[in-house]
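S.K.: Structure in structure tokens, see below.
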Protein chains: 2
Amino acid sequence: MLEDKSVSKTSLAEIGEFGLIEQIKEGFPIRLETSIKGIGDDAAVIDYGTEKTVISTDMLVEGVSFSWSYMPLRHLGYKAVVTAISDILAMNAIPKHILVSIAVSNRFTLEAIDEIYNGMKYACDKYEIDIVGGDTTTSLSGLILNMTAVGAAKEEKIVYRKGVEENDLLVVSGDLGAAFLGIQVLEREAQVTKVNPNNQPDFEPYSYLIERQLKPEARLDIIRLLAEMDLKPTSMIDISDGLSSEVIHLSKENNIGFNIYEEKIPLDPAVIRTAEEFKINPITCALSGGEDYELLFTIKQADFDKIKGNPYLTVIGHATTTGADNFLITRGSEQMIPLTAQGWGTAEEEKEN
Amino acid sequence: MLEDKSVSKTSLAEIGEFGLIEQIKEGFPIRLETSIKGIGDDAAVIDYGTEKTVISTDMLVEGVSFSWSYMPLRHLGYKAVVTAISDILAMNAIPKHILVSIAVSNRFTLEAIDEIYNGMKYACDKYEIDIVGGDTTTSLSGLILNMTAVGAAKEEKIVYRKGVEENDLLVVSGDLGAAFLGIQVLEREAQVTKVNPNNQPDFEPYSYLIERQLKPEARLDIIRLLAEMDLKPTSMIDISDGLSSEVIHLSKENNIGFNIYEEKIPLDPAVIRTAEEFKINPITCALSGGEDYELLFTIKQADFDKIKGNPYLTVIGHATTTGADNFLITRGSEQMIPLTAQGWGTAEEEKEN
């Protein structure tokens, strides 16, 4: 995950904006039949015939969305693609195209920009995405990326945040909280290295957590699985800000309450072990951590048999009644604790977090 | 064009990201039948049926793309929409939807952001555009906007940069160089005001130039006119970086040379007058100034009768032969001067500019 320091460094002033665009264009030949025109004209042209166009945009700002102290450039490129297409997947649509805007200050070399695009290319290859356009500009401080993702779906397949009915089951893919703990581990070691530059961190015990933070995956496999199962969720959202915040989004959009069960929330053993080491409740990591890019969706109870026993999908709760609040039902004690955007607890407790 | 200083100031921390999104969403109800889903889900949903989707993205960075010293917030919002849809128009497509990403540091108030969106709303009303999505995030320094524009066109109507043939006529809409001189006037007065805060600039003689800089228009009218005339250009590009740079783009993309005639380049009287005041050649303003957002396109000679006498369209030259260079034919002396991306002249002269 470390940068190769031996590569040559070309300043962006030497190559110029058009040179940079040419180089980016060469790295991303278009492959999809739906890509009529890619990089190099005033706009991309995409043809979805009778399918609907689904489109989303995300901005990533250095020092806010990511930090160089632990995010290698290639991983940044990969993650930028993943976060962009995750929004398209959350509509039950297939991501197909991406447009990338990038603003860089002149402290970045061409090789650094290349590394970012290499990471994007790797993700585009994996998820079968064409980069069809973008913009390059100068920034006065740091790097800013904007990703616009475009996807396609038949109208009747599109799933919105709205659509939940009472007693629908709440389902989550994969497991939660790992990306948050990954960043805790990386930040802790960055602090140690600041004091002791000879620090040789042993990341082995945390490899799953770090991978979830630096190289998250978008759940295209789950969208394909749902299609194979002939299962259309009644609502769906991707988990970018933590389970709690996303449940509240679904609740507000549908004016319905949810109960989620602490003991059902899927946690990797590394999450439980590392949360203990950091003296955090692992459930907090799942509820408030964010950046998991798993899918959260609701299904009708009648569809339960379709997902029963599937190792990638976990029922974590259910919609209750119209106008109700959202609760976490704790393990054992069976307490009902109100969910908040920051996790759970009362407003007073929230402030302490 | 001055800000209203009396309005209340709400910090963004008070309202939060979701509050900001809610407020933006309320300001932009969707109107177009093709907008199936707008702001407030993981992605927008757009339906173009049998038409093709055309999409483009632009990033605007404070201090690089614009400066507060002369760009009021409302104008920034308006101009951001115009620059975004200009790329769609340059494909001979009709812009329909926009997604806006915005990163702001906390020195911005809610009222400041509102002003930007008010400008966008004004442009969206004028050009019949729906804002259907976006992203809001924090920046560590200044304002960054990213605009993604989406449009529609029948496949056979789309015009690319490629398609020029020998002897095609080169046509430009409107007039050129005014936006560049507008910024010269605004910068000059900003400098004077810095020294003498009581400076009361008289912008009256420059009102056309300043309007072209602060509130440019996208040439939707020209795209509609071309459709009415049943005239499909053989190639098209919008003039964002100056006529010279755009001619060179068309030349490279088609491996063909262009001759343009100095005396044909359309200049407003205010451009000629003000260029003289600034001791600049007005042709330099047209060739290198940029930000005019006019359309530059080629047509077959057989189509000349369709545009003859039209006050909005001027034939400024023609394509010559495959592999040829690009030249400016000067007035009177009939010299052929090579065009460069910076304007015209030899490489040596270029360095002096």
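Residue numbers start at 1 in each chain; chains themselves are named A, B, ... in the order of the structure tokens; ligands are numbered from 1 in the order shown.
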Fewer than 4 positions away in the same chain doesn't count, so skip those; otherwise give me all residues within 8 Å of Val172 (chain B), counting only C-alpha atoms, as a PDB file with C-alpha atoms, in the first residue's frame.

M.R.:
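What landed in part30.pdb:
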```pdb
ATOM      1  CA  GLU B 294     -20.882  31.100 -28.058  1.00  0.00           C
ATOM      2  CA  LEU B 295     -21.100  28.132 -30.426  1.00  0.00           C
ATOM      3  CA  LEU B 296     -18.491  27.453 -33.117  1.00  0.00           C
ATOM      4  CA  PHE B 297     -19.528  25.036 -35.849  1.00  0.00           C
ATOM      5  CA  LEU B 313     -24.536  33.738 -37.162  1.00  0.00           C
ATOM      6  CA  THR B 314     -21.302  34.799 -38.881  1.00  0.00           C
ATOM      7  CA  VAL B 315     -19.147  32.833 -41.308  1.00  0.00           C
ATOM      8  CA  ILE B 316     -15.590  33.585 -40.128  1.00  0.00           C
TER       9      ILE B 316
END
```

S.K.: Apply DSSP to the backbone of this structure and, from region 229-296 of chain A, keep only the residues in alpha helix (DSSP H); write these as a PyMOL selection string.

M.R.: chain A and resi 229+243-254+269-277+282-288

S.K.: Residues of chain A near chain B: apply a cut-off of 9 Å, count only C-alpha atoms, and supply the list as a PyMOL selection string.

M.R.: chain A and resi 37+40-65+86-91+99-103+133-141+144+146+148-150+155+158+160-162+236-238

S.K.: Would you kindly return, as a list of chain:residue names, each protein, DNA or RNA residue with an atom no farther than 8 Å from any atom of Ala270 (chain B), considering only C-alpha atoms and excluding same-chain residues fewer than 4 positions away?

M.R.: B:Ala178, B:Pro205, B:Tyr206, B:Tyr208, B:Leu209, B:Thr274

S.K.: Could you save those same residues with N, CA and C atoms as an mmCIF file, in the first residue's frame?

M.R.:
```cif
data_model
loop_
_atom_site.group_PDB
_atom_site.id
_atom_site.type_symbol
_atom_site.label_atom_id
_atom_site.label_comp_id
_atom_site.auth_asym_id
_atom_site.auth_seq_id
_atom_site.Cartn_x
_atom_site.Cartn_y
_atom_site.Cartn_z
ATOM 1 N N ALA B 178 -16.044 39.864 -25.443
ATOM 2 C CA ALA B 178 -16.636 40.774 -24.456
ATOM 3 C C ALA B 178 -16.429 40.281 -23.018
ATOM 4 N N PRO B 205 -20.523 52.545 -19.155
ATOM 5 C CA PRO B 205 -19.997 52.353 -20.523
ATOM 6 C C PRO B 205 -19.604 50.899 -20.809
ATOM 7 N N TYR B 206 -19.480 50.079 -19.736
ATOM 8 C CA TYR B 206 -18.986 48.719 -19.884
ATOM 9 C C TYR B 206 -20.073 47.679 -19.597
ATOM 10 N N TYR B 208 -22.345 46.082 -21.208
ATOM 11 C CA TYR B 208 -22.447 44.882 -22.045
ATOM 12 C C TYR B 208 -21.325 43.894 -21.715
ATOM 13 N N LEU B 209 -20.102 44.416 -21.558
ATOM 14 C CA LEU B 209 -18.937 43.568 -21.272
ATOM 15 C C LEU B 209 -19.081 42.877 -19.920
ATOM 16 N N THR B 274 -13.318 49.400 -25.832
ATOM 17 C CA THR B 274 -12.662 49.116 -24.550
ATOM 18 C C THR B 274 -11.291 48.484 -24.760
#
```

S.K.: Return the single residue from A:Gln342, A:Gln301, A:Thr234, A:Ser173 that is closest to Ile248 (chain A), with distances computed using only C-alpha atoms.

M.R.: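 Using only C-alpha atoms, Ile248 (chain A) sits closest to A:Gln342.
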
S.K.: I'd like the contact shell of region 68-70 of chain A - 9 Å cut-off, only C-alpha atoms, skipping same-chain residues fewer than 5 positions apart - returned as a PyMOL selection string.

M.R.: chain A and resi 62-63+183+186-187+190+214

S.K.: According to DSSP computed on the backbone, where in region 151-186 of chain A is there strand (DSSP E or B)? Give the residues as a CSV table (one decimal) with C-alpha atoms, in the first residue's frame.

M.R.:
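And here is the file that came out, out_31.csv:
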```csv
chain,number,residue,atom,x,y,z
A,151,GLY,CA,-26.6,3.5,-14.6
A,152,ALA,CA,-29.5,1.8,-16.2
A,153,ALA,CA,-32.5,-0.2,-15.1
A,169,LEU,CA,-38.4,-7.0,7.1
A,170,LEU,CA,-35.2,-4.9,7.2
A,171,VAL,CA,-32.2,-6.6,5.6
A,172,VAL,CA,-28.5,-5.7,5.4
A,173,SER,CA,-25.8,-7.2,3.2
```

S.K.: Neighbours of Asn167 (chain A) within 7 Å (only C-alpha atoms; same-chain residues fewer than 4 positions away dropped), as a PyMOL selection string?

M.R.: chain A and resi 318-320

S.K.: From the set B:Lys300, B:Lys306, B:Lys121, B:Arg331, which residue has the shortest atom-to-atom contact distance to Glu165 (chain B), counting only C-alpha atoms?

M.R.: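 Looking at the shortest contact to Glu165 (chain B), the residue is B:Lys300.
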
S.K.: Show which residues sit within 10 Å of Phe28 (chain A), as a ChimeraX atom specification. Count only C-alpha atoms, and ignore same-chain residues fewer than 2 positions away.

M.R.: /A:23-26,30-31,38-39,117-118,120-121,124-125,129-133

S.K.: May I have the residues within 7 Å of Val164 (chain B) as a list in words, using only C-alpha atoms and disregarding those fewer than 6 positions away in the same chain?

M.R.: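 Counting only C-alpha atoms, the residues come to Thr234, Ser235, Asn254 and Thr298 of chain B.
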
S.K.: Let me see the file: selected residues, N, CA, C and O atoms, as a tab-separated table (two decimals), in the first residue's frame.

M.R.:
```tsv
chain	number	residue	atom	x	y	z
B	234	THR	N	-21.69	20.06	-39.37
B	234	THR	CA	-20.86	18.86	-39.52
B	234	THR	C	-19.98	18.65	-38.29
B	234	THR	O	-19.50	17.54	-38.05
B	235	SER	N	-19.76	19.73	-37.51
B	235	SER	CA	-19.03	19.62	-36.24
B	235	SER	C	-19.44	20.81	-35.38
B	235	SER	O	-19.92	21.81	-35.91
B	254	ASN	N	-10.12	16.61	-36.42
B	254	ASN	CA	-10.47	16.26	-37.80
B	254	ASN	C	-9.25	16.18	-38.72
B	254	ASN	O	-9.42	15.90	-39.90
B	298	THR	N	-19.17	24.00	-37.96
B	298	THR	CA	-18.92	23.96	-39.40
B	298	THR	C	-20.18	23.48	-40.11
B	298	THR	O	-20.95	22.67	-39.56
```

S.K.: So the first atom is CA of Ala341 (chain B) and the second is CA of Asp241 (chain B); what is the distance between them in Å, to one decimal place?

M.R.: 9.0 Å

S.K.: Quick one: distance from CA of Leu176 (chain B) to CA of Asn310 (chain B) in Å, one decimal?

M.R.: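 So the answer is 16.5 Å.
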